[in-house]
Structure formats: structure tokens, C-alpha cells
>>> print(open('my_file-v8.txt').read())   # compact mmCIF, C-alpha atoms
# COMPACT_ATOMS: atom_id res chain seq x y z
CA MET N 207 -44.84 -10.71 0.61
CA CYS N 208 -47.74 -9.78 2.87
CA LYS N 209 -46.09 -9.10 6.19
CA GLU N 210 -49.40 -9.00 8.01
CA CYS N 211 -50.96 -12.26 6.98
CA GLY N 212 -47.74 -13.98 6.00
CA CYS N 213 -48.86 -14.88 2.51
CA GLY N 214 -46.49 -14.62 -0.41
CA GLU N 215 -42.84 -15.38 -1.06
CA THR N 216 -40.62 -15.62 1.99
CA ASN N 217 -37.81 -13.75 0.21
CA GLY N 218 -39.35 -10.39 0.96
CA ASN N 219 -38.26 -7.05 -0.35
CA THR N 220 -34.74 -5.64 -0.25
CA ARG N 221 -34.09 -2.22 1.21
CA LEU N 222 -31.07 -0.30 0.02
CA GLN N 223 -29.82 2.77 1.86
CA PHE N 224 -26.89 4.63 0.42
CA THR N 225 -25.44 8.04 -0.34
CA VAL N 226 -25.29 9.57 -3.78
CA HIS N 227 -23.04 12.47 -4.76
CA GLY N 228 -24.12 15.09 -7.23
CA TYR N 229 -27.88 15.51 -6.79
CA THR N 230 -29.61 18.75 -7.58
CA GLU N 231 -33.23 19.26 -6.48
CA ASP N 232 -34.33 18.58 -10.05
CA SER N 233 -32.09 15.60 -10.69
CA ALA N 234 -33.15 14.02 -7.39
CA LYS N 235 -36.82 14.22 -8.43
CA GLU N 236 -36.02 12.86 -11.85
CA VAL N 237 -34.01 9.96 -10.42
CA GLU N 238 -36.86 9.14 -8.02
CA LYS N 239 -39.26 8.96 -10.94
CA ALA N 240 -36.90 6.87 -13.06
CA LEU N 241 -36.39 4.38 -10.22
CA PHE N 242 -40.13 4.09 -9.55
CA GLY N 243 -40.61 3.18 -13.20
CA LEU N 244 -38.50 0.02 -12.81
CA PRO N 245 -40.81 -3.00 -12.46
CA GLY N 246 -39.56 -4.24 -9.10
CA VAL N 247 -39.09 -0.89 -7.35
CA LEU N 248 -41.82 -0.25 -4.75
CA PHE N 249 -40.53 2.73 -2.83
CA VAL N 250 -37.92 5.44 -3.29
CA HIS N 251 -36.94 8.33 -1.08
CA ILE N 252 -34.16 10.79 -1.83
CA HIS N 253 -32.92 13.69 0.27
CA ALA N 254 -31.32 15.92 -2.32
CA HIS N 255 -29.38 18.01 0.19
CA ASP N 256 -27.38 15.18 1.77
CA GLY N 257 -27.69 12.56 -0.96
CA SER N 258 -29.25 9.92 1.31
CA THR N 259 -31.16 7.52 -0.88
CA THR N 260 -33.52 4.70 0.09
CA VAL N 261 -34.85 2.12 -2.37
CA ASP N 262 -37.21 -0.78 -1.54
CA TYR N 263 -37.36 -3.29 -4.33
CA GLN N 264 -38.06 -6.91 -5.24
CA PRO N 265 -34.81 -8.50 -6.43
CA GLY N 266 -36.80 -11.07 -8.40
CA LYS N 267 -38.21 -8.38 -10.65
CA THR N 268 -35.40 -5.85 -10.95
CA LYS N 269 -31.67 -6.44 -10.72
CA LEU N 270 -29.37 -4.32 -8.60
CA ARG N 271 -27.42 -3.38 -11.72
CA ASP N 272 -30.60 -1.94 -13.27
CA ILE N 273 -31.00 0.28 -10.22
CA MET N 274 -27.35 1.32 -10.30
CA GLY N 275 -27.71 1.93 -14.02
CA VAL N 276 -30.11 4.77 -13.28
CA PHE N 277 -27.34 6.59 -11.41
CA ASP N 278 -24.58 5.66 -13.86
CA GLU N 279 -26.59 6.99 -16.82
CA ARG N 280 -26.82 10.37 -15.11
CA GLY N 281 -23.20 10.54 -14.03
CA LEU N 282 -24.16 10.25 -10.36
CA GLU N 283 -21.88 8.39 -7.99
CA ALA N 284 -23.63 6.00 -5.62
CA ASP N 285 -21.81 4.68 -2.53
CA LEU N 286 -23.37 1.32 -1.76
CA MET K 1197 -14.68 -18.75 -6.24
CA LEU K 1198 -14.65 -22.44 -6.99
CA ALA K 1199 -13.09 -24.99 -4.72
CA GLY K 1200 -10.16 -26.54 -6.57
CA ARG K 1201 -11.21 -29.59 -8.50
CA GLN K 1202 -8.87 -31.78 -10.50
CA GLY K 1203 -9.44 -33.85 -13.57
CA GLY K 1204 -12.94 -32.77 -14.77
CA ILE K 1205 -14.77 -35.81 -13.34
CA LYS K 1206 -18.12 -36.12 -15.06
CA MET K 1207 -21.15 -36.44 -12.81
CA GLU K 1208 -24.83 -36.75 -13.33
CA VAL K 1209 -26.46 -35.20 -10.30
CA ARG K 1210 -30.06 -36.10 -9.61
CA VAL K 1211 -31.95 -32.96 -8.58
CA MET K 1212 -35.77 -33.37 -8.91
CA LYS K 1213 -36.49 -29.82 -7.87
CA ASN K 1214 -39.46 -27.69 -8.94
CA VAL K 1215 -38.50 -24.67 -10.97
CA LEU K 1216 -41.29 -22.40 -9.76
CA GLY K 1217 -43.01 -21.89 -6.43
CA GLU K 1218 -46.20 -23.89 -6.08
CA ASN K 1219 -48.66 -21.06 -6.81
CA ASP K 1220 -46.77 -19.88 -9.89
CA ARG K 1221 -46.62 -23.44 -11.15
CA VAL K 1222 -50.37 -23.96 -10.83
CA ALA K 1223 -51.02 -20.49 -12.27
CA ALA K 1224 -48.94 -21.42 -15.32
CA GLU K 1225 -51.03 -24.54 -15.78
CA ASN K 1226 -54.25 -22.57 -15.51
CA GLN K 1227 -52.96 -19.95 -17.92
CA ALA K 1228 -51.96 -22.59 -20.47
CA MET K 1229 -55.37 -24.20 -20.23
CA PHE K 1230 -57.33 -20.97 -20.62
CA ALA K 1231 -55.12 -19.82 -23.50
CA ALA K 1232 -55.47 -23.15 -25.31
CA LYS K 1233 -59.24 -22.83 -25.05
CA GLY K 1234 -59.19 -19.25 -26.27
CA VAL K 1235 -60.67 -17.88 -23.06
CA TYR K 1236 -59.50 -14.39 -22.04
CA VAL K 1237 -59.11 -14.26 -18.27
CA LEU K 1238 -58.97 -11.05 -16.25
CA ASN K 1239 -58.01 -11.07 -12.56
CA LEU K 1240 -59.97 -8.06 -11.25
CA MET K 1241 -58.72 -6.54 -7.99
CA GLY K 1242 -59.39 -3.49 -5.86
CA SER K 1243 -60.31 -2.33 -2.38
CA PRO K 1244 -63.58 -3.40 -0.78
CA GLY K 1245 -66.22 -1.02 -2.15
CA SER K 1246 -64.13 0.23 -5.09
CA GLY K 1247 -66.83 -0.92 -7.50
CA LYS K 1248 -65.53 -4.23 -8.88
CA THR K 1249 -68.88 -6.03 -8.79
CA THR K 1250 -70.79 -2.98 -10.05
CA LEU K 1251 -68.31 -2.70 -12.94
CA LEU K 1252 -69.01 -6.33 -13.74
CA GLU K 1253 -72.76 -5.72 -13.65
CA LYS K 1254 -72.37 -2.87 -16.14
CA THR K 1255 -70.04 -5.02 -18.27
CA MET K 1256 -72.58 -7.82 -18.39
CA GLN K 1257 -75.35 -5.37 -19.33
CA LYS K 1258 -73.32 -4.25 -22.30
CA LEU K 1259 -71.48 -7.39 -23.37
CA LYS K 1260 -73.27 -10.54 -22.29
CA ASP K 1261 -75.20 -10.88 -25.56
CA GLU K 1262 -72.07 -10.30 -27.56
CA LEU K 1263 -69.43 -12.25 -25.63
CA ARG K 1264 -69.89 -15.52 -23.75
CA MET K 1265 -69.01 -14.57 -20.18
CA ALA K 1266 -68.45 -16.30 -16.89
CA VAL K 1267 -67.35 -15.03 -13.49
CA ILE K 1268 -65.47 -16.55 -10.57
CA GLU K 1269 -66.24 -14.58 -7.41
CA GLY K 1270 -63.84 -14.46 -4.46
CA ASP K 1271 -64.96 -13.36 -0.99
CA LEU K 1272 -64.24 -14.39 2.57
CA PHE K 1273 -67.88 -15.06 3.27
CA THR K 1274 -71.35 -14.82 1.69
CA THR K 1275 -72.56 -15.42 -1.82
CA LYS K 1276 -73.80 -11.85 -2.18
CA ASP K 1277 -71.63 -11.04 -5.18
CA ALA K 1278 -72.36 -14.32 -6.97
CA GLU K 1279 -76.08 -13.61 -6.52
CA ARG K 1280 -75.66 -10.20 -8.15
CA ILE K 1281 -73.90 -11.79 -11.14
CA ASP K 1282 -76.42 -14.63 -11.33
CA ARG K 1283 -79.25 -12.14 -11.92
CA TYR K 1284 -77.76 -11.46 -15.34
CA GLY K 1285 -77.85 -15.11 -16.31
CA VAL K 1286 -74.05 -15.30 -16.51
CA PRO K 1287 -72.46 -18.50 -15.13
CA VAL K 1288 -70.85 -17.71 -11.81
CA ILE K 1289 -68.91 -19.70 -9.25
CA GLN K 1290 -68.45 -18.31 -5.72
CA ILE K 1291 -65.26 -19.19 -3.89
CA ASN K 1292 -65.40 -18.45 -0.15
CA THR K 1293 -61.96 -18.30 1.40
CA ALA K 1294 -63.37 -18.24 4.96
CA GLY K 1295 -60.66 -15.81 6.05
CA GLY K 1296 -58.10 -16.01 3.26
CA CYS K 1297 -57.26 -12.54 1.98
CA HIS K 1298 -56.76 -13.42 -1.68
CA LEU K 1299 -57.62 -16.03 -4.27
CA ASP K 1300 -54.81 -18.31 -5.39
CA ALA K 1301 -54.14 -20.51 -8.39
CA PRO K 1302 -55.10 -23.83 -6.77
CA MET K 1303 -58.50 -22.38 -5.78
CA VAL K 1304 -59.19 -21.40 -9.36
CA GLN K 1305 -57.87 -24.68 -10.72
CA LYS K 1306 -60.26 -26.56 -8.47
CA VAL K 1307 -63.40 -24.81 -9.78
CA ALA K 1308 -62.37 -24.32 -13.42
CA PRO K 1309 -63.74 -27.72 -14.55
CA GLN K 1310 -67.21 -26.51 -13.54
CA LEU K 1311 -67.07 -23.93 -16.35
CA ASP K 1312 -67.84 -24.70 -19.98
CA LEU K 1313 -64.43 -23.52 -21.16
CA ASP K 1314 -65.00 -24.74 -24.70
CA HIS K 1315 -67.78 -22.19 -25.11
CA LEU K 1316 -66.43 -19.17 -23.30
CA ASP K 1317 -64.88 -15.90 -24.47
CA LEU K 1318 -64.37 -13.90 -21.29
CA LEU K 1319 -63.79 -15.09 -17.73
CA VAL K 1320 -63.47 -12.50 -15.00
CA VAL K 1321 -62.03 -13.60 -11.68
CA GLU K 1322 -63.23 -11.00 -9.17
CA ASN K 1323 -60.66 -11.21 -6.41
CA VAL K 1324 -61.14 -10.59 -2.69
CA GLY K 1325 -61.31 -6.86 -1.89
CA ASN K 1326 -57.69 -6.09 -0.99
CA LEU K 1327 -54.97 -3.88 -2.47
CA VAL K 1328 -52.11 -5.84 -0.91
CA CYS K 1329 -52.03 -9.62 -1.24
CA PRO K 1330 -53.80 -10.43 -4.52
CA ALA K 1331 -51.01 -8.71 -6.47
CA GLU K 1332 -48.61 -11.41 -5.30
CA PHE K 1333 -50.71 -14.36 -6.46
CA ALA K 1334 -51.33 -15.11 -10.10
CA VAL K 1335 -54.38 -17.32 -10.59
CA GLY K 1336 -53.80 -18.13 -14.25
CA GLU K 1337 -55.05 -14.87 -15.72
CA ALA K 1338 -53.95 -13.25 -18.97
CA ASP K 1339 -54.14 -9.82 -17.34
CA LYS K 1340 -54.51 -8.28 -13.93
CA GLY K 1341 -56.77 -5.26 -13.55
CA VAL K 1342 -57.36 -2.95 -10.60
CA VAL K 1343 -60.33 -0.74 -9.78
CA LEU K 1344 -59.48 2.37 -7.75
CA SER K 1345 -62.39 4.57 -6.73
CA ILE K 1346 -61.73 8.24 -6.18
CA THR K 1347 -63.23 8.14 -2.68
CA GLU K 1348 -60.23 6.05 -1.62
CA GLY K 1349 -57.87 9.00 -2.08
CA ASP K 1350 -55.27 10.04 -4.64
CA ASP K 1351 -52.38 8.78 -2.48
CA LYS K 1352 -53.24 5.11 -2.87
CA PRO K 1353 -51.15 4.25 -5.94
CA MET K 1354 -47.89 5.19 -4.21
CA LYS K 1355 -48.97 3.42 -1.05
CA TYR K 1356 -49.78 0.20 -2.91
CA PRO K 1357 -47.29 0.24 -5.74
CA LEU K 1358 -47.23 -3.44 -6.61
CA ILE K 1359 -50.84 -3.81 -7.66
CA PHE K 1360 -50.61 -0.75 -9.91
CA LYS K 1361 -47.38 -1.94 -11.46
CA GLU K 1362 -48.82 -5.36 -12.20
CA SER K 1363 -52.14 -4.27 -13.71
CA ALA K 1364 -52.64 -4.21 -17.47
CA VAL K 1365 -55.66 -1.97 -16.91
CA ILE K 1366 -56.41 0.53 -14.14
CA VAL K 1367 -60.01 1.61 -13.79
CA LEU K 1368 -60.54 4.91 -12.00
CA ASN K 1369 -64.14 4.66 -10.79
CA LYS K 1370 -66.76 7.06 -9.37
CA ILE K 1371 -65.47 10.02 -11.39
CA ASP K 1372 -68.95 11.54 -11.25
CA ILE K 1373 -68.35 12.61 -7.64
CA LEU K 1374 -64.94 14.21 -8.29
CA PRO K 1375 -66.47 17.66 -7.58
CA TYR K 1376 -67.32 16.53 -4.03
CA CYS K 1377 -63.97 14.93 -3.14
CA ASN K 1378 -60.44 16.12 -2.50
CA PHE K 1379 -59.06 13.79 -5.14
CA ASP K 1380 -56.26 15.31 -7.21
CA ARG K 1381 -56.85 13.53 -10.51
CA THR K 1382 -53.69 14.84 -12.13
CA ALA K 1383 -51.49 13.80 -9.22
CA ALA K 1384 -53.05 10.34 -9.08
CA ARG K 1385 -52.62 9.79 -12.82
CA GLU K 1386 -49.05 11.00 -12.63
CA ASP K 1387 -48.23 8.70 -9.71
CA ILE K 1388 -49.73 5.76 -11.56
CA THR K 1389 -47.69 6.45 -14.71
CA THR K 1390 -44.56 7.00 -12.62
CA LEU K 1391 -45.00 3.55 -11.10
CA HIS K 1392 -46.14 2.02 -14.35
CA PRO K 1393 -44.86 3.85 -17.43
CA GLY K 1394 -47.44 3.55 -20.20
CA ALA K 1395 -50.18 2.48 -17.78
CA ASN K 1396 -53.61 1.97 -19.31
CA ILE K 1397 -55.94 4.13 -17.19
CA ILE K 1398 -59.67 4.13 -17.95
CA GLU K 1399 -61.81 6.64 -16.06
CA VAL K 1400 -65.36 5.51 -15.46
CA SER K 1401 -68.50 6.20 -13.55
CA CYS K 1402 -70.36 2.93 -13.22
CA THR K 1403 -73.46 4.68 -11.93
CA GLN K 1404 -73.55 7.39 -14.60
CA GLY K 1405 -72.09 5.39 -17.50
CA ASP K 1406 -69.00 7.47 -18.35
CA GLY K 1407 -66.07 5.52 -19.72
CA LEU K 1408 -67.89 2.18 -19.88
CA ASP K 1409 -67.64 2.05 -23.68
CA ALA K 1410 -63.88 2.50 -23.54
CA TRP K 1411 -63.71 -0.25 -20.90
CA CYS K 1412 -65.82 -2.63 -22.99
CA ASP K 1413 -63.79 -1.86 -26.12
CA TRP K 1414 -60.63 -2.79 -24.28
CA LEU K 1415 -62.18 -6.09 -23.17
CA ARG K 1416 -63.39 -6.81 -26.71
CA GLN K 1417 -59.91 -6.21 -28.03
CA ARG K 1418 -58.27 -8.53 -25.51
CA VAL K 1419 -60.84 -11.26 -26.18
CA ALA K 1420 -60.20 -10.97 -29.94
CA GLU K 1421 -56.43 -11.16 -29.41
CA THR K 1422 -56.84 -14.21 -27.20
CA LYS K 1423 -59.00 -16.00 -29.74
CA ALA K 1424 -56.58 -15.21 -32.57
CA GLN K 1425 -53.67 -16.55 -30.53
CA ALA K 1426 -55.55 -19.76 -29.70
CA GLN K 1427 -56.30 -20.40 -33.35
CA LYS K 1428 -52.64 -20.07 -34.23
CA GLY K 1429 -51.32 -22.29 -31.45
CA MET H 178 -45.75 -17.58 -19.95
CA HIS H 179 -42.48 -15.93 -19.04
CA GLU H 180 -39.99 -18.45 -20.36
CA MET H 181 -37.11 -16.16 -19.42
CA SER H 182 -38.01 -16.25 -15.73
CA ILE H 183 -38.35 -20.03 -15.94
CA ALA H 184 -34.91 -20.21 -17.57
CA GLU H 185 -33.58 -18.10 -14.70
CA GLY H 186 -35.14 -20.48 -12.20
CA ILE H 187 -33.53 -23.44 -13.97
CA LEU H 188 -30.14 -21.73 -14.03
CA ASP H 189 -30.38 -20.89 -10.30
CA ILE H 190 -31.07 -24.52 -9.45
CA ALA H 191 -28.27 -25.70 -11.78
CA LEU H 192 -25.70 -23.27 -10.38
CA ASP H 193 -26.63 -24.11 -6.78
CA SER H 194 -26.22 -27.80 -7.51
CA ALA H 195 -22.91 -27.25 -9.30
CA ARG H 196 -21.57 -25.30 -6.34
CA GLU H 197 -22.72 -27.97 -3.89
CA ASN H 198 -20.88 -30.57 -5.94
CA ASP H 199 -17.73 -28.48 -6.57
CA ALA H 200 -18.24 -28.66 -10.32
CA ALA H 201 -16.47 -26.36 -12.77
CA LYS H 202 -18.77 -26.76 -15.73
CA ILE H 203 -22.38 -27.68 -16.44
CA THR H 204 -22.86 -29.55 -19.70
CA LYS H 205 -26.48 -30.63 -19.63
CA VAL H 206 -29.65 -29.95 -17.65
CA GLY H 207 -32.38 -32.58 -17.70
CA LEU H 208 -35.92 -31.22 -17.32
CA ARG H 209 -39.26 -32.88 -16.71
CA ILE H 210 -41.95 -30.68 -18.18
CA GLY H 211 -45.57 -31.72 -17.99
CA GLU H 212 -47.96 -31.27 -20.92
CA MET H 213 -50.02 -28.91 -18.81
CA ALA H 214 -47.12 -26.82 -17.57
CA GLY H 215 -47.76 -24.31 -20.33
CA ILE H 216 -44.17 -23.89 -21.49
CA GLU H 217 -43.25 -23.02 -25.04
CA LEU H 218 -40.11 -25.08 -25.50
CA GLU H 219 -38.70 -22.94 -28.31
CA SER H 220 -38.94 -19.77 -26.20
CA LEU H 221 -37.40 -21.62 -23.30
CA GLU H 222 -34.47 -22.81 -25.44
CA MET H 223 -33.89 -19.30 -26.74
CA SER H 224 -34.04 -17.73 -23.27
CA TRP H 225 -31.72 -20.41 -21.92
CA ARG H 226 -29.09 -19.84 -24.61
CA MET H 227 -29.09 -16.10 -23.94
CA LEU H 228 -28.92 -16.56 -20.19
CA ILE H 229 -26.07 -19.07 -19.92
CA ALA H 230 -23.54 -17.00 -21.89
CA GLY H 231 -20.60 -16.22 -19.64
CA THR H 232 -21.73 -18.55 -16.88
CA MET H 233 -20.61 -21.99 -15.72
CA ALA H 234 -23.45 -23.37 -17.82
CA GLU H 235 -22.31 -21.80 -21.10
CA GLY H 236 -23.05 -24.19 -23.94
CA ALA H 237 -25.11 -26.53 -21.75
CA GLU H 238 -27.98 -28.24 -23.50
CA LEU H 239 -31.49 -28.68 -22.16
CA ALA H 240 -32.80 -32.24 -22.34
CA VAL H 241 -36.58 -32.15 -21.99
CA GLU H 242 -38.61 -35.17 -20.93
CA LYS H 243 -42.22 -34.38 -21.77
CA VAL H 244 -44.60 -35.84 -19.21
CA PRO H 245 -48.05 -36.67 -20.55
CA LEU H 246 -51.18 -35.26 -18.88
CA VAL H 247 -52.86 -38.29 -17.36
CA GLY H 248 -55.89 -38.31 -15.09
CA ARG H 249 -57.61 -41.02 -13.06
CA CYS H 250 -61.40 -41.00 -12.96
CA SER H 251 -62.76 -40.36 -9.46
CA LYS H 252 -65.66 -42.74 -10.20
CA CYS H 253 -64.38 -45.66 -12.25
CA GLY H 254 -60.66 -45.46 -11.39
CA ARG H 255 -59.48 -45.80 -15.00
CA GLU H 256 -56.66 -43.63 -16.26
CA TYR H 257 -56.90 -41.57 -19.40
CA HIS H 258 -54.72 -39.16 -21.31
CA ILE H 259 -56.43 -35.78 -20.92
CA GLU H 260 -57.09 -34.20 -24.30
CA ASN H 261 -57.84 -30.51 -24.85
CA TYR H 262 -57.99 -29.93 -21.09
CA ASN H 263 -61.20 -31.92 -20.93
CA PHE H 264 -61.34 -33.25 -17.37
CA TRP H 265 -64.48 -35.35 -17.73
CA CYS H 266 -64.13 -39.13 -17.85
CA PRO H 267 -64.86 -40.41 -21.39
CA GLU H 268 -66.54 -43.49 -19.91
CA CYS H 269 -68.49 -42.25 -16.88
CA LYS H 270 -69.35 -38.85 -18.39
CA ASP H 271 -69.77 -37.22 -14.97
CA GLY H 272 -66.65 -38.61 -13.30
CA VAL H 273 -63.85 -36.08 -12.97
CA LEU H 274 -60.33 -37.01 -14.07
CA VAL H 275 -57.95 -36.23 -11.23
CA ILE H 276 -54.50 -35.37 -12.58
CA GLN H 277 -51.82 -37.97 -11.85
CA SER H 278 -49.05 -36.53 -13.98
CA GLY H 279 -48.43 -33.82 -16.53
CA ARG H 280 -48.07 -30.84 -14.25
CA GLU H 281 -44.34 -31.06 -13.66
CA MET H 282 -41.88 -28.24 -14.13
CA GLN H 283 -38.72 -29.70 -12.63
CA VAL H 284 -35.00 -29.88 -13.00
CA ALA H 285 -34.52 -33.66 -12.97
CA TYR H 286 -30.73 -34.00 -13.26
CA ILE H 287 -27.62 -32.03 -14.13
CA ASP H 288 -24.55 -33.28 -15.98
CA MET H 289 -21.52 -31.49 -14.71
CA ASP H 290 -17.72 -31.74 -14.71
>>> encode(input="my_file-v8.txt", output="C-alpha cells")
Amino acid sequence: MCKECGCGETNGNTRLQFTVHGYTEDSAKEVEKALFGLPGVLFVHIHAHDGSTTVDYQPGKTKLRDIMGVFDERGLEADL
Amino acid sequence: MLAGRQGGIKMEVRVMKNVLGENDRVAAENQAMFAAKGVYVLNLMGSPGSGKTTLLEKTMQKLKDELRMAVIEGDLFTTKDAERIDRYGVPVIQINTAGGCHLDAPMVQKVAPQLDLDHLDLLVVENVGNLVCPAEFAVGEADKGVVLSITEGDDKPMKYPLIFKESAVIVLNKIDILPYCNFDRTAAREDITTLHPGANIIEVSCTQGDGLDAWCDWLRQRVAETKAQAQKG
Amino acid sequence: MHEMSIAEGILDIALDSARENDAAKITKVGLRIGEMAGIELESLEMSWRMLIAGTMAEGAELAVEKVPLVGRCSKCGREYHIENYNFWCPECKDGVLVIQSGREMQVAYIDMD
């Protein structure tokens, strides 16, 4: 949705902010990349040192379980 | 959690609700129409000044005697772009949105009857210069494409993720002036493929000619696929 | 066309309606699909069957009413079935057929228990 001109779906994007346990510097980068590759994910930011994770995504294009799957596959625990 | 309900009473509930939002519905209609007629439609997007119209001029130079082309031009105001296309003798329709920041499916549906769809191979819809809104509005295209010129900066894909995710082809234009810009080509390409795994990136210089053959080959291929599909259906 | 996302849209509408009406099971969804809607019915059926597994709509059938693409000429006022997406009036030659029906993509009714 275009927030400036108001055009587009009114549903908007969903922002998730949560903590993940078990990141290393490398795994955090790799997770960021994997999340970005999901069709509906527009923005990802991960702080490896404290595990704080932000994901902006379009629920219509990517399901929450697909996002969580990225962490599950890598044995990372995400506290939503 | 269902409210308790006894006895399995059968009901027929009248709903009469549209399945898709209005734009998607009209876009689906347009898409069905173009596909049935074997016309390959590309929704070409990009920032103002990225080189969309110039790319079309070069495309027409190379392909207009080989493929039957038409263009729908989208701009807020002026017919400047339609005039540029017209000089090549390619049928062109200018849509002026008078302030609207993107073309939408109803706009394209309204002008489509003016085209000779029965005798067309390639229709390019050149969208309003904008990296934000057009990505949200299908117009009935088979593919979306985006032109990113290197003068815009290598950080743009990450800043405008949706349009890069949605595009079947990403044209990186003005590569001839890479030596004079701070554009990190590797970083930009990597960001694009991070957002869009398997992204089809074609590097071109419209002014110098680099990459235009690869671009035209891709268009030829999509046109051929569209025709083959129409013959089957 | 993405028949799976259309099937999802249909299921959303069906589930919402079932909840509103306190139903436990959906047995049939009636659709009105216009000729010009661009839906491949086979793909839609397949997507639907995959999607409803494990939901309240498991086993529900899709009943499709196909709506013909009919246009009325802006000049002579006569109605014609539009063939091959040709929007010109067969009589007036330069009159445009304005679509009256055939663009629908709706959930018409839902049978539920």
C-alpha cells in the first residue's frame, strides 16, 4: 500500500518484532538473506548480539509459518 | 472455536461477494483477453529518467519490422512520450492520469479496444515513472519489468523491494557511465538476487547499444511462448 | 492467472460466512464466474481441493455458474454475445459493445450445516 498517496490495499504490511536465541554473526546474515528471498518479505533487520529481529512483510504473499520456518530449519528459537 | 450448534441444520447462505479486489479483477480480465489473442504484454516500470522510453525506442528500432508492436504510455501530463513512440510508426495510446501516480487495470481496459489486438505480438505498457505504487497494481500484463539506471544508486533495490521482487526482468541501464559513478554493481546485483532469487538481470546501455540484443532476445522468447500458449488454449 | 490465490479468496469468504452463521461444515460453494474473468476451472478445482483439506470446507464442492460475456452497443442499443474479445458491434461496425455481464468473479451462495 502506498502510504503517501493512499493507493493500494488497505491491509498494509505487517511488522514483526521479536527476539531470536542462537544467532552468530554469520547465521544472522544468512537468516536475513533467506527471509528477504521470501516473496512477501520487504524488510529485515537483525541485531546478532541481542537477537532482536524485525520483519516487514505482506501477509497476502507470505505466511507467518513460512517466516517461522526459516528459523525452525536452522534450529533457532524465535520468541514471538 | 465454534459456537455450539445442534442438529446440523442445512442452510444455503446467499453471499454475492467478489472474490478479488476491483483492480485485480479487471487485471485478470485484461490478462485473459491478451492471452487469448496471443499478445505478450509487458508492464514496464522504473523511476522518472531511468530510460524506459529510450529503451522502447531502441527496442522498436530493432524489433518493429520483426514483431507487431504497440505501446500504451502512462504519464501524469503531456504526450511527449507518445510522440517519441509515434515517430517509429508504432501504434501508441497515451493515458494521462492528471495526477495519478500509477496506471491501473481499468485505465488499460478502457483503451485496449483501440488496439488491433488480433494483429499484435508485443504490447508494452510504459507505466508512470515511480518505483513505489505501480508494483501494487497489475494492469493485465503477462510480466512486470523494471528499469533501474545506475545513476539512481546501488541502494535502490533494498529501498524499493516490492518492484524488484515482482519483476520478471530487471534492466540495469546506463552501464556505459559506470566508470563515472559510485555504483557498486556487485552489491546491487547481490541485493537484487537476495530479494528475488533467480532474478533475470539484463545490463544495458541504451545510448551505446550494450545488452540490447540480450534484451530483445528475451522479448522474442516471451512473445513466442505467448503465441504457443494461445494456439493451445 | 493464479487460481490458487483465487481459491484462497473463495475459502476466506466461505469461512467468514460460515462463522457468521455458526455453521460447523461447508458442503458446497456456488460461484458466478464470467466468461471474461480469465479463470481456468480445472486449475481452480485442483487448487480448491488441495486448500480445503483439514478445514471446515473439506470435501465441499464448487458449483460454477458461467456467466456469458454480453455487451450492449453504445450506438444501436442491441445486445450481443462478445466473441473472441471483439468489442465492436457486428451491426454498427463502429459502435462499441459496453459489457453488461461476463466479468463476474463472485461467491454467490454457500451451503453449510
>>> interface_residues(input="my_file-v8.txt", of="chain K", to="chain N", cutoff="6 Å", atoms="all atoms listed in the file", output="ChimeraX atom specification")
/K:1329,1357,1390-1392
>>> residues_around(input="my_file-v8.txt", residues="Val276 of chain N", least_positions_apart="3", cutoff="8 Å", atoms="all atoms listed in the file", output="number ranges by chain")
N: 237, 240-241, 272-273, 279-280
>>> interface_residues(input="my_file-v8.txt", of="chain K", to="chain H", cutoff="10 Å", atoms="all atoms listed in the file", output="ChimeraX atom specification")
/K:1197-1217,1221-1233,1308-1310,1312-1314,1336,1338
>>> atom_distance(input="my_file-v8.txt", atom1="atom CA of Ala1420 of chain K", atom2="atom CA of Asn1369 of chain K")
25.0 Å
>>> closest_residue(input="my_file-v8.txt", among="N:Gly257, N:Gly228, N:Gly275, N:Gly266", to="chain H", atoms="only C-alpha atoms")
N:Gly266
>>> atom_distance(input="my_file-v8.txt", atom1="atom CA of Leu1252 of chain K", atom2="atom CA of Gln1305 of chain K")
21.7 Å
>>> residues_around(input="my_file-v8.txt", residues="Glu268 of chain H", least_positions_apart="4", cutoff="12 Å", atoms="only C-alpha atoms", output="list in words")
Arg249, Cys250, Ser251, Lys252, Cys253, Gly254, Arg255, Glu256, Tyr257, Phe264, Gly272, Val273 and Leu274 of chain H
>>> atom_distance(input="my_file-v8.txt", atom1="atom CA of Lys1352 of chain K", atom2="atom CA of Ile1371 of chain K")
15.7 Å
>>> residues_around(input="my_file-v8.txt", residues="Val1342 of chain K", least_positions_apart="2", cutoff="8 Å", atoms="only C-alpha atoms", output="number ranges by chain")
K: 1240-1242, 1340, 1344, 1359-1360, 1363, 1365-1367
>>> write_last_selection(input="my_file-v8.txt", atoms="C-alpha atoms", output="mmCIF file, in the frame of the given file")
data_model
loop_
_atom_site.group_PDB
_atom_site.id
_atom_site.type_symbol
_atom_site.label_atom_id
_atom_site.label_comp_id
_atom_site.auth_asym_id
_atom_site.auth_seq_id
_atom_site.Cartn_x
_atom_site.Cartn_y
_atom_site.Cartn_z
ATOM 1 C CA LEU K 1240 -59.970 -8.060 -11.250
ATOM 2 C CA MET K 1241 -58.720 -6.540 -7.990
ATOM 3 C CA GLY K 1242 -59.390 -3.490 -5.860
ATOM 4 C CA LYS K 1340 -54.510 -8.280 -13.930
ATOM 5 C CA LEU K 1344 -59.480 2.370 -7.750
ATOM 6 C CA ILE K 1359 -50.840 -3.810 -7.660
ATOM 7 C CA PHE K 1360 -50.610 -0.750 -9.910
ATOM 8 C CA SER K 1363 -52.140 -4.270 -13.710
ATOM 9 C CA VAL K 1365 -55.660 -1.970 -16.910
ATOM 10 C CA ILE K 1366 -56.410 0.530 -14.140
ATOM 11 C CA VAL K 1367 -60.010 1.610 -13.790
#
>>> residues_around(input="my_file-v8.txt", residues="Tyr229 of chain N", least_positions_apart="6", cutoff="9 Å", atoms="all atoms listed in the file", output="list in words")
His253, Ala254, His255, Asp256, Gly257 and Leu282 of chain N
>>> residues_around(input="my_file-v8.txt", residues="segment 1285-1287 of chain K", least_positions_apart="5", cutoff="7 Å", atoms="all atoms listed in the file", output="PyMOL selection string")
chain K and resi 1265-1267
>>> closest_residue(input="my_file-v8.txt", among="N:Lys267, N:Val261, N:Gln223, N:Asp232", to="chain H", atoms="all atoms listed in the file")
N:Lys267
